[in-house]
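Peer 1: What follows is coords-v1.pdb, made up of PDB, C-alpha atoms:
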ATOM      1  CA  MET A 125      45.060 -68.235  12.787
ATOM      2  CA  PRO A 126      45.192 -66.913  16.368
ATOM      3  CA  SER A 127      46.495 -63.549  15.153
ATOM      4  CA  LEU A 128      43.475 -63.171  12.839
ATOM      5  CA  VAL A 129      41.099 -64.011  15.706
ATOM      6  CA  TRP A 130      42.915 -61.549  17.976
ATOM      7  CA  ALA A 131      42.726 -58.835  15.313
ATOM      8  CA  LEU A 132      38.981 -59.383  14.848
ATOM      9  CA  GLU A 133      38.398 -59.377  18.588
ATOM     10  CA  ALA A 134      40.436 -56.187  18.986
ATOM     11  CA  ARG A 135      38.380 -54.498  16.270
ATOM     12  CA  MET A 136      35.129 -55.635  17.930
ATOM     13  CA  LYS A 137      36.315 -54.350  21.315
ATOM     14  CA  ARG A 138      37.108 -50.967  19.796
ATOM     15  CA  TRP A 139      33.611 -50.768  18.271
ATOM     16  CA  ILE A 140      31.996 -51.718  21.580
ATOM     17  CA  ALA A 141      34.135 -49.141  23.378
ATOM     18  CA  GLY A 142      33.156 -46.478  20.848
ATOM     19  CA  ILE A 143      29.435 -47.167  21.167
ATOM     20  CA  LEU A 144      29.650 -47.179  24.958
ATOM     21  CA  ALA A 145      31.718 -43.974  24.841
ATOM     22  CA  LEU A 146      28.971 -42.163  22.943
ATOM     23  CA  PHE A 147      26.281 -43.440  25.313
ATOM     24  CA  ASN A 148      28.195 -42.514  28.476
ATOM     25  CA  VAL A 149      29.296 -39.077  27.323
ATOM     26  CA  ALA A 150      25.740 -38.302  26.202
ATOM     27  CA  ASN A 151      24.329 -39.548  29.510
ATOM     28  CA  GLY A 152      26.808 -37.420  31.450
ATOM     29  CA  LEU A 153      26.046 -34.321  29.381
ATOM     30  CA  VAL A 154      22.320 -34.745  30.005
ATOM     31  CA  MET A 155      23.000 -35.174  33.722
ATOM     32  CA  LEU A 156      24.979 -31.916  33.705
ATOM     33  CA  SER A 157      22.624 -29.871  31.555
ATOM     34  CA  ALA A 158      19.175 -31.284  32.371
ATOM     35  CA  GLY A 159      19.662 -33.191  35.603
ATOM     36  CA  SER A 160      16.096 -32.895  36.848
ATOM     37  CA  LEU A 161      14.754 -34.217  33.546
ATOM     38  CA  TRP A 162      17.267 -37.076  33.683
ATOM     39  CA  TRP A 163      16.224 -37.804  37.289
ATOM     40  CA  SER A 164      12.549 -38.006  36.342
ATOM     41  CA  LEU A 165      13.080 -40.209  33.268
ATOM     42  CA  VAL A 166      15.578 -42.818  34.501
ATOM     43  CA  PRO A 167      13.788 -45.778  36.100
ATOM     44  CA  GLY A 168      14.550 -45.941  39.803
ATOM     45  CA  ALA A 169      16.386 -42.618  40.163
ATOM     46  CA  ALA A 170      13.435 -40.865  41.793
ATOM     47  CA  ASP A 171      12.996 -43.872  44.110
ATOM     48  CA  THR A 172      16.283 -42.976  45.825
ATOM     49  CA  GLY A 173      15.018 -39.650  47.142
ATOM     50  CA  PRO A 174      14.514 -36.082  46.013
ATOM     51  CA  PHE A 175      16.519 -34.691  43.110
ATOM     52  CA  ASN A 176      19.978 -33.529  44.143
ATOM     53  CA  PRO A 177      21.485 -31.317  41.416
ATOM     54  CA  HIS A 178      25.020 -31.476  42.806
ATOM     55  CA  LEU A 179      24.941 -35.278  42.936
ATOM     56  CA  ALA A 180      23.585 -35.497  39.376
ATOM     57  CA  GLN A 181      26.341 -33.179  38.153
ATOM     58  CA  ASP A 182      29.097 -35.059  40.007
ATOM     59  CA  VAL A 183      27.947 -38.399  38.636
ATOM     60  CA  GLY A 184      27.474 -36.830  35.204
ATOM     61  CA  ILE A 185      31.143 -35.863  35.223
ATOM     62  CA  ALA A 186      32.052 -39.454  36.146
ATOM     63  CA  PHE A 187      30.033 -40.768  33.181
ATOM     64  CA  ILE A 188      31.752 -38.283  30.866
ATOM     65  CA  ALA A 189      35.175 -39.349  32.160
ATOM     66  CA  ALA A 190      34.282 -43.026  31.682
ATOM     67  CA  GLY A 191      33.059 -42.286  28.178
ATOM     68  CA  LEU A 192      36.217 -40.387  27.282
ATOM     69  CA  GLY A 193      38.362 -43.291  28.493
ATOM     70  CA  LEU A 194      36.369 -45.661  26.310
ATOM     71  CA  ALA A 195      36.620 -43.229  23.393
ATOM     72  CA  ALA A 196      40.402 -43.239  23.762
ATOM     73  CA  ARG A 197      40.340 -47.032  23.477
ATOM     74  CA  ALA A 198      38.133 -46.860  20.396
ATOM     75  CA  LEU A 199      40.349 -44.338  18.637
ATOM     76  CA  TRP A 200      43.821 -45.351  19.806
ATOM     77  CA  PRO A 201      44.193 -49.038  20.782
ATOM     78  CA  ALA A 202      47.373 -48.434  22.785
ATOM     79  CA  TRP A 203      45.378 -46.188  25.131
ATOM     80  CA  TRP A 204      43.455 -49.144  26.537
ATOM     81  CA  PRO A 205      44.521 -48.265  30.128
ATOM     82  CA  ALA A 206      42.362 -45.112  29.878
ATOM     83  CA  ALA A 207      39.402 -47.328  29.041
ATOM     84  CA  VAL A 208      40.173 -49.587  32.009
ATOM     85  CA  ALA A 209      39.992 -46.535  34.281
ATOM     86  CA  GLY A 210      36.651 -45.502  32.788
ATOM     87  CA  ALA A 211      35.331 -49.037  32.927
ATOM     88  CA  ALA A 212      36.285 -49.223  36.617
ATOM     89  CA  PHE A 213      33.683 -46.577  37.437
ATOM     90  CA  LEU A 214      31.062 -48.320  35.308
ATOM     91  CA  ALA A 215      31.906 -51.714  36.852
ATOM     92  CA  GLY A 216      31.612 -50.334  40.374
ATOM     93  CA  HIS A 217      28.289 -48.754  39.486
ATOM     94  CA  GLY A 218      27.107 -52.030  37.934
ATOM     95  CA  LEU A 219      28.257 -54.032  40.953
ATOM     96  CA  LEU A 220      26.327 -51.708  43.252
ATOM     97  CA  HIS A 221      23.179 -52.335  41.213
ATOM     98  CA  LEU A 222      23.775 -56.111  41.288
ATOM     99  CA  VAL A 223      24.068 -56.005  45.077
ATOM    100  CA  MET A 224      20.819 -54.033  45.279
ATOM    101  CA  ILE A 225      19.081 -56.539  42.976
ATOM    102  CA  ALA A 226      20.415 -59.517  44.949
ATOM    103  CA  GLY A 227      19.253 -57.921  48.191
ATOM    104  CA  GLY A 228      15.750 -57.374  46.851
ATOM    105  CA  HIS A 229      16.083 -53.588  47.069
ATOM    106  CA  ASP A 230      15.601 -52.822  43.400
ATOM    107  CA  ARG A 231      12.148 -52.429  41.874
ATOM    108  CA  HIS A 232      13.662 -51.932  38.431
ATOM    109  CA  ALA A 233      15.889 -55.001  38.216
ATOM    110  CA  ALA A 234      15.255 -55.714  34.529
ATOM    111  CA  SER A 235      16.051 -52.190  33.370
ATOM    112  CA  ASP A 236      19.078 -52.048  35.686
ATOM    113  CA  LEU A 237      20.437 -55.294  34.258
ATOM    114  CA  VAL A 238      20.060 -53.996  30.693
ATOM    115  CA  ALA A 239      21.001 -50.338  31.181
ATOM    116  CA  VAL A 240      23.612 -50.540  33.961
ATOM    117  CA  VAL A 241      25.039 -54.040  34.510
ATOM    118  CA  LEU A 242      25.334 -55.192  30.880
ATOM    119  CA  PRO A 243      27.037 -51.984  29.681
ATOM    120  CA  ALA A 244      29.443 -52.189  32.637
ATOM    121  CA  ALA A 245      30.386 -55.754  31.724
ATOM    122  CA  LEU A 246      30.810 -54.782  28.070
ATOM    123  CA  ALA A 247      32.949 -51.803  29.083
ATOM    124  CA  LEU A 248      35.293 -54.051  31.059
ATOM    125  CA  TYR A 249      35.479 -56.532  28.195
ATOM    126  CA  SER A 250      36.142 -53.832  25.607
ATOM    127  CA  ALA A 251      38.721 -52.020  27.736
ATOM    128  CA  LEU A 252      41.089 -54.932  28.252
ATOM    129  CA  PRO A 253      43.548 -55.611  25.440
ATOM    130  CA  THR A 254      43.469 -58.783  23.379
ATOM    131  CA  GLN A 255      46.473 -61.056  23.274
ATOM    132  CA  GLY A 256      47.845 -59.323  20.187
ATOM    133  CA  GLU A 257      47.457 -55.818  21.663
ATOM    134  CA  ARG A 258      49.175 -56.308  24.997
ATOM    135  CA  HIS A 259      52.413 -54.717  23.867
ATOM    136  CA  ALA A 260      51.096 -52.395  21.182
TER     137      ALA A 260
END
Output the file's structure in the form of structure tokens.

Peer 2:
Amino acid sequence: MPSLVWALEARMKRWIAGILALFNVANGLVMLSAGSLWWSLVPGAADTGPFNPHLAQDVGIAFIAAGLGLAARALWPAWWPAAVAGAAFLAGHGLLHLVMIAGGHDRHAASDLVAVVLPAALALYSALPTQGERHA
């Protein structure tokens, strides 16, 4: 029975990783190609100061890298370490937003919890192998 549960969990993690991969790669591509539009549409981005194209492009590349790591996990289960690396960026980003929320410095706490913190937690969950995958 445990092997069936592990297999189902592994499949679910791969689906989550795949969905998050698409979202993060798309987000990064928009940041690279239409950074000022991204800056104006994302809740709270404009609150941090004027648009900085270099910063948007740098962070866009980080989102693409995170997405590609998660895509590797979705496509090839044995490549889960690549997803852990990508999830590390997303987790750090999510942790930063949690600290800002806890400190009362975030006017967009609800959207940050849904759009930043929850995906980061899901990325970490999906990146780590299940019991049955550890030596795959």

Peer 1: For A:Ala131, which residue among A:Ala233, A:Pro201, A:Pro167, A:His221 is the nearest when counting all atoms listed in the file?

Peer 2: A:Pro201

Peer 1: Is it possible to get the axis-aligned box enclosing stretch 169-188 of chain A (all listed atoms, 8 Å extra per side) as AutoDock Vina command-line options, with centre and edge lengths in Å rounded to one decimal?

Peer 2:
--center_x 22.5 --center_y -37.6 --center_z 39.0 --size_x 35.1 --size_y 28.6 --size_z 32.3

Peer 1: Which distance in Å separates atom CA of A:Ala251 and atom CA of A:Ala207, to one decimal?

Peer 2: 4.9 Å

Peer 1: Hey, can you check how far atom CA of A:Asp171 sits from atom CA of A:Gly184?

Peer 2: 18.4 Å

Peer 1: Quick one: everything within 8 Å of A:Val149, counting all atoms listed in the file, minus sequence neighbours fewer than 5 positions away in the same chain. Send it as a PyMOL selection string.

Peer 2: chain A and resi 187-192

Peer 1: Mind giving me the straight-line distance from atom CA of A:Ala211 to atom CA of A:Ala247 in Å, one decimal?

Peer 2: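 So the two atoms, atom CA of A:Ala211 and atom CA of A:Ala247, lie 5.3 Å apart.
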
Peer 1: What lies within 6 Å of stretch 141-145 of chain A using only C-alpha atoms, ignoring chain neighbours under 6 positions off, as a list in words?

Peer 2: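 In the requested form, the answer reads Gly191, Leu194, Ala195, Ala198 and Ser250 of chain A.
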
Peer 1: Applying 12 Å and all atoms listed in the file, which residues near A:Thr172 remain after dropping the ones on its own chain fewer than 4 positions away? List them as a PyMOL selection string.

Peer 2: chain A and resi 163-164+166-168+176+179+224+229-232

Peer 1: Could you check which of A:Val223, A:Phe175, A:Gly256, A:Ser235 is closest to A:Leu128, using all atoms listed in the file?

Peer 2: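 Using all atoms listed in the file, A:Leu128 sits closest to A:Gly256.
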
Peer 1: Excluding stretch 158-161 of chain A and its own-chain neighbours fewer than 3 positions away, which residues fall within 8 Å of it when counting only C-alpha atoms? Please give them as a PyMOL selection string.

Peer 2: chain A and resi 154-155+164-165+175+177+180-181

Peer 1: May I have the selected residues written with C-alpha atoms, as a PDB file, in the coordinates of the input?

Peer 2:
ATOM      1  CA  VAL A 154      22.320 -34.745  30.005  1.00  0.00           C
ATOM      2  CA  MET A 155      23.000 -35.174  33.722  1.00  0.00           C
ATOM      3  CA  SER A 164      12.549 -38.006  36.342  1.00  0.00           C
ATOM      4  CA  LEU A 165      13.080 -40.209  33.268  1.00  0.00           C
ATOM      5  CA  PHE A 175      16.519 -34.691  43.110  1.00  0.00           C
ATOM      6  CA  PRO A 177      21.485 -31.317  41.416  1.00  0.00           C
ATOM      7  CA  ALA A 180      23.585 -35.497  39.376  1.00  0.00           C
ATOM      8  CA  GLN A 181      26.341 -33.179  38.153  1.00  0.00           C
TER       9      GLN A 181
END

Peer 1: Find, counting only C-alpha atoms, the residue in A:Ala150, A:Met136, A:Val241, A:Leu156 that gets nearest to A:Thr254.

Peer 2: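 Answer, going by the shortest atom-to-atom distance: A:Met136.
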
Peer 1: Using all atoms listed in the file for the distances, tell me which of A:Ala209, A:Ile185, A:Ala215, A:Pro253 is nearest to A:Arg135.

Peer 2: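 Ranking A:Ala209, A:Ile185, A:Ala215, A:Pro253 by distance to A:Arg135, first place goes to A:Pro253.
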
Peer 1: For A:Phe213, which of A:Gln255, A:Asn148, A:Ser127, A:Ser157 is the closest residue, counting only C-alpha atoms?

Peer 2: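 So, comparing all the options, the nearest one is A:Asn148.
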
Peer 1: Choose the residue, out of A:Gly152, A:Gly193, A:Pro126, A:Gly218, that has the smallest atom-to-atom separation from A:Pro205; count all atoms listed in the file.

Peer 2: A:Gly193
